[in-house]
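**Q** Below is one structure. I have some questions about it.
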Amino acid sequence: MELSTKQEKKYREELDKRFRPIFSPYQEAGGIPISLLREKLYDDLEVTAGIPQDRIDLLFRRADTNRDGRMSFEEFMRLMTSGSSNVLTTKQLTSFQKMVRATVSTVVPKNAVKHSVDSYVEAYNCKPPPLFMIIVSLAEIGVFIYYALDLAKAGTPITATSGVAIYSPLIYNPLRRYEAWRYLTYMFIHNGYFHLIFNLIFQLLLGLPLEVVHKWWRVGIVYGLGVVAGSLSHSVVDQHSYLAGASGGCYAILGAHFAIVIMNWEEMQHEWMSGPIKFILSAPVRLVVLFLMGGADTGIAIYERYKTGKSAVGFAAHFGGILAGLLVGIPTLKNLDVKQWERVLFWVALIVYICLVIFAVLWNAFYPDFPAMNWTPCCSMNNTIIPRVLTP
């Protein structure tokens, strides 16, 4: 909370008048016991009336800097008044906090109304640690190694751009679409190690910062529902193709970053032209970077598939994943300063996502002759989907 000079002077005078009597009896002892001060500030509403809650929270996050269990009135005033005490300097940060600040800056607006990057960094306790994306990535690596060894025994080793276990019960198989788990487990199967490496870099680079800020379970919901949305989209658009890879989840993470920009547009625009760092982290620049990351990959895949025939990327899973990340991210991820229109958008996004999922499920359940039974899969495979051979 920022105050003008006049307001700040009045605020200091009020603090002195109201709190000096509380600290005076403990002056010779080196300050009031922090446990007693905490009790007074949180339990006595008359004492804290008019004091911004964020300053009280800040006080106890930085309390007892000399580890004696007490706080002097001078320390109290320094922490409760505005100015340099409100923001941690680079020298005051630990190496871990510097790393967290760099990570959080990619997600949290630098000048958010109620939550700045530095106040978040100071309160961050790494509980729970951001392990979801790491665990998912390790699971994908483990499954890839298992089937790589299995295919090598069969004489069809995996290469950089080909090789996938079409027989796996995890892969999405359009002829076995009634096996519901395949709409999720296809994320563990990859076609060549380039495919795996690209997805791992993509999801760790974009997913870990989200997990640091929004916690693992929120990112897990977005990622999982993005995977499902990717396979459902593929099942509607590419009815005759297998599907493998974690692109649905990766693009859901990308869509979640779009949701963050939309929900925090005003905060990300605060003085965005005042310096290079603010400019780079501003909403317009973030949108451009996100569009380039998702659009370039998907655009090239569509061109190569339909124009040159060199690729068989399941781009429908990309679209499904990024749309799910946007629609699910809006109601799931933290919002720094909720406005009325954002409350409306919360329900709109949730309802649209549910309606699209219901449509895709009903399509799979009732669409006639889906897929056609006069085709067999080919053994040559490239990237995300498995090409098929149509027969008369």
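Convention: chains lettered A, B, ... in structure tokens order; per-chain residue numbering from 1; ligands numbered from 1 as shown.
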Per residue of range 180-217 of chain A within 9 Å of range 142-165 of chain A, record the nearest atom pair and its distance in Å to one decimal, counting only C-alpha atoms, with rows in chain order and ascending residue number, as CSV.
**A**
residue,atom,partner,partner_atom,distance
A:Phe188,CA,A:Val143,CA,6.2
A:Ile189,CA,A:Phe144,CA,6.4
A:His190,CA,A:Val164,CA,6.3
A:Asn191,CA,A:Val164,CA,4.8
A:Gly192,CA,A:Ser162,CA,4.5
A:Tyr193,CA,A:Ala160,CA,5.0
A:Phe194,CA,A:Ala160,CA,5.2
A:His195,CA,A:Thr161,CA,6.9
A:Leu196,CA,A:Phe144,CA,8.1
**Q** Write out as a tab-separated table (two decimals) with N, CA and C atoms, in the first residue's frame which residues come within 7 Å of Leu323 in chain A when counting only C-alpha atoms, dropping same-chain ones fewer than 4 positions away.
**A**
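Contents of selection.tsv, freshly written:
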chain	number	residue	atom	x	y	z
A	255	GLY	N	-1.50	-22.32	-22.43
A	255	GLY	CA	-2.80	-21.64	-22.30
A	255	GLY	C	-3.01	-21.03	-20.93
A	319	PHE	N	-4.37	-27.50	-30.21
A	319	PHE	CA	-5.47	-26.55	-30.05
A	319	PHE	C	-6.34	-26.89	-28.83
A	327	LEU	N	-9.21	-21.93	-20.62
A	327	LEU	CA	-10.53	-22.02	-19.99
A	327	LEU	C	-10.47	-22.56	-18.58
**Q** Which polymer residues have any atom within 9 Å of an atom of Leu243 in chain A, counting only C-alpha atoms, with same-chain residues fewer than 6 positions away left out, as a PyMOL selection string?
**A** chain A and resi 171-174+186-187+189+231+234-235+314+317+384-386
**Q** Can I get the selection written as a PDB file, in the first residue's frame, with N, CA and C atoms?
**A**
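Writing done, so here's result36.pdb:
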ATOM      1  N   ILE A 171      -1.304 -45.861 -25.285  1.00  0.00           N
ATOM      2  CA  ILE A 171      -1.462 -44.979 -26.432  1.00  0.00           C
ATOM      3  C   ILE A 171      -2.936 -44.797 -26.780  1.00  0.00           C
ATOM      4  N   TYR A 172      -3.281 -43.626 -27.345  1.00  0.00           N
ATOM      5  CA  TYR A 172      -4.662 -43.421 -27.795  1.00  0.00           C
ATOM      6  C   TYR A 172      -4.861 -44.185 -29.104  1.00  0.00           C
ATOM      7  N   ASN A 173      -5.812 -45.096 -29.091  1.00  0.00           N
ATOM      8  CA  ASN A 173      -6.138 -45.924 -30.247  1.00  0.00           C
ATOM      9  C   ASN A 173      -7.580 -45.636 -30.636  1.00  0.00           C
ATOM     10  N   PRO A 174      -7.835 -45.099 -31.829  1.00  0.00           N
ATOM     11  CA  PRO A 174      -9.206 -44.734 -32.210  1.00  0.00           C
ATOM     12  C   PRO A 174     -10.150 -45.924 -32.286  1.00  0.00           C
ATOM     13  N   TYR A 186      -2.007 -41.517 -22.954  1.00  0.00           N
ATOM     14  CA  TYR A 186      -1.207 -41.353 -24.166  1.00  0.00           C
ATOM     15  C   TYR A 186      -0.068 -40.355 -23.956  1.00  0.00           C
ATOM     16  N   MET A 187      -0.196 -39.509 -22.911  1.00  0.00           N
ATOM     17  CA  MET A 187       0.840 -38.515 -22.616  1.00  0.00           C
ATOM     18  C   MET A 187       2.182 -39.160 -22.268  1.00  0.00           C
ATOM     19  N   ILE A 189       3.503 -41.792 -23.826  1.00  0.00           N
ATOM     20  CA  ILE A 189       4.107 -42.433 -24.994  1.00  0.00           C
ATOM     21  C   ILE A 189       4.631 -41.354 -25.942  1.00  0.00           C
ATOM     22  N   SER A 231      -6.669 -35.055 -26.392  1.00  0.00           N
ATOM     23  CA  SER A 231      -7.083 -36.313 -27.023  1.00  0.00           C
ATOM     24  C   SER A 231      -8.525 -36.251 -27.503  1.00  0.00           C
ATOM     25  N   HIS A 234      -8.476 -34.327 -30.710  1.00  0.00           N
ATOM     26  CA  HIS A 234      -7.914 -35.183 -31.757  1.00  0.00           C
ATOM     27  C   HIS A 234      -8.934 -36.217 -32.219  1.00  0.00           C
ATOM     28  N   SER A 235      -9.681 -36.774 -31.291  1.00  0.00           N
ATOM     29  CA  SER A 235     -10.651 -37.817 -31.648  1.00  0.00           C
ATOM     30  C   SER A 235     -11.760 -37.277 -32.544  1.00  0.00           C
ATOM     31  N   GLY A 314      -0.196 -34.241 -34.470  1.00  0.00           N
ATOM     32  CA  GLY A 314      -1.591 -34.104 -34.081  1.00  0.00           C
ATOM     33  C   GLY A 314      -1.879 -32.700 -33.588  1.00  0.00           C
ATOM     34  N   ALA A 317      -4.613 -31.750 -31.039  1.00  0.00           N
ATOM     35  CA  ALA A 317      -4.311 -31.868 -29.606  1.00  0.00           C
ATOM     36  C   ALA A 317      -3.685 -30.591 -29.080  1.00  0.00           C
ATOM     37  N   THR A 384       3.835 -37.009 -33.555  1.00  0.00           N
ATOM     38  CA  THR A 384       2.809 -37.206 -32.552  1.00  0.00           C
ATOM     39  C   THR A 384       1.735 -38.219 -32.916  1.00  0.00           C
ATOM     40  N   ILE A 385       1.315 -38.275 -34.167  1.00  0.00           N
ATOM     41  CA  ILE A 385       0.265 -39.217 -34.530  1.00  0.00           C
ATOM     42  C   ILE A 385       0.790 -40.263 -35.488  1.00  0.00           C
ATOM     43  N   ILE A 386       0.113 -41.388 -35.531  1.00  0.00           N
ATOM     44  CA  ILE A 386       0.553 -42.512 -36.343  1.00  0.00           C
ATOM     45  C   ILE A 386      -0.193 -42.502 -37.669  1.00  0.00           C
TER      46      ILE A 386
END
